[in-house]
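Peer 1: My structure is below; once you've seen it, I'll send some questions.
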Amino acid sequence: MIPMNEIVEHCDKCGTEVSVKNDAVTMHSIAWDEPYSGLLSYRRCINCSPSRAQHIVHEGFEPIVDDRPEYDKRLFGDQEEDKKKIEMFERRWTSAWLMCQDEEIAEAYLAKLFVIKKCNWGDE
């Protein structure tokens, strides 16, 4: 496995260098406990992925709003179920963002997901 800090890629929308600290795909993998799919997608910084970034709630992360009605968390609804969904998304995405601020932790977590995938799916 190539260490992630040795790969230099740029956001497909804004051109910013994408690293573990700001990679939306890495954060998605961590937030949803899914194997890393970075080899199958273009790099995108978290700031250019507002549907994801809007759920990061931390003093070290400038809030982002997704104005698209189908994704805007402010429009999810007022039902208790909607509030719980927003809270769960915020916990997952904020935790993933925090983990990614330490590349060693993020890489260790992704390696764990890779091993789990391999154990569940065999050597495919």
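Chain identifiers are assigned as A, B, and so on, following the order in which chains appear in the structure tokens; residues are numbered from 1 within each chain, and ligands are numbered from 1 in order of appearance.
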Would you pick out the contacts of Glu90 (chain A) at 7 Å or less, using only C-alpha atoms, so that residues sharing its chain but fewer than 3 positions from it are not included, and give the list as a list in words?

Peer 2: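 Once the adjacent positions are removed, what remains is His55, Ile56, Val57, Ile86, Glu87, Trp93 and Thr94 of chain A.
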
Peer 1: I need the residues from that last selection saved to file as a compact mmCIF listing (two decimals), in the first residue's frame (with C-alpha atoms), if you can.

Peer 2:
```
# COMPACT_ATOMS: atom_id res chain seq x y z
CA HIS A 55 -22.34 18.15 8.31
CA ILE A 56 -18.92 18.99 9.77
CA VAL A 57 -19.56 20.96 12.94
CA ILE A 86 -28.95 15.31 10.84
CA GLU A 87 -27.38 14.65 14.25
CA TRP A 93 -18.74 13.66 9.28
CA THR A 94 -17.26 15.68 12.14
```

Peer 1: Excluding Glu34 (chain A) and residues on its chain fewer than 6 positions from it, collect all residues at most 12 Å away from it, counting only C-alpha atoms, and give them as number ranges by chain.

Peer 2: A: 25-28, 109-118

Peer 1: For a quick check of understanding, using only C-alpha atoms, which of A:Arg74, A:Lys83, A:Arg43, A:Arg68 has the smallest distance to Thr16 (chain A)?

Peer 2: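 Checking each candidate against Thr16 (chain A), we get A:Arg43 as the closest.
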
Peer 1: May I ask which of the residues A:Val8, A:Ile46, A:Ser41, A:Gln54 is the closest one to Arg91 (chain A), counting only C-alpha atoms?

Peer 2: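 The answer is A:Gln54, which sits nearest to Arg91 (chain A).
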
Peer 1: Give the strand (DSSP E) residues of region 9-119 of chain A, as assigned by DSSP on the backbone, as a PyMOL selection string.

Peer 2: chain A and resi 9-10+17-18

Peer 1: How about saving the chosen residues, C-alpha atoms kept, as a PDB file, in the first residue's frame?

Peer 2:
```pdb
ATOM      1  CA  GLU A   9      -3.506  15.056  -6.444  1.00  0.00           C
ATOM      2  CA  HIS A  10      -5.685  18.103  -6.958  1.00  0.00           C
ATOM      3  CA  GLU A  17      -4.043  20.107  -3.501  1.00  0.00           C
ATOM      4  CA  VAL A  18      -5.957  17.267  -1.886  1.00  0.00           C
TER       5      VAL A  18
END
```

Peer 1: Using only C-alpha atoms, determine which residues lie at most 6 Å from Cys45 (chain A), disregarding the query and same-chain residues fewer than 5 positions distant; provide the list as an mmCIF file with C-alpha atoms, in the first residue's frame.

Peer 2:
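Final file, around.cif:
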```
data_model
loop_
_atom_site.group_PDB
_atom_site.id
_atom_site.type_symbol
_atom_site.label_atom_id
_atom_site.label_comp_id
_atom_site.auth_asym_id
_atom_site.auth_seq_id
_atom_site.Cartn_x
_atom_site.Cartn_y
_atom_site.Cartn_z
ATOM 1 C CA CYS A 11 -9.379 18.797 -6.480
ATOM 2 C CA VAL A 18 -5.957 17.267 -1.886
ATOM 3 C CA ASN A 22 -9.175 17.610 3.168
ATOM 4 C CA ASP A 23 -10.074 14.618 0.954
ATOM 5 C CA ALA A 24 -13.845 14.135 0.709
#
```

Peer 1: Closest to Glu70 (chain A) among A:Ala106, A:Pro50, A:Lys84, A:Asp33, using only C-alpha atoms?

Peer 2: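 Of the candidates, the smallest distance to Glu70 (chain A) is held by A:Pro50.
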
Peer 1: From a DSSP pass on the backbone, collect the residues of chain A flagged as alpha helix (DSSP H) and hand them back as number ranges by chain.

Peer 2: A: 24-31, 50-53, 80-100, 103-121
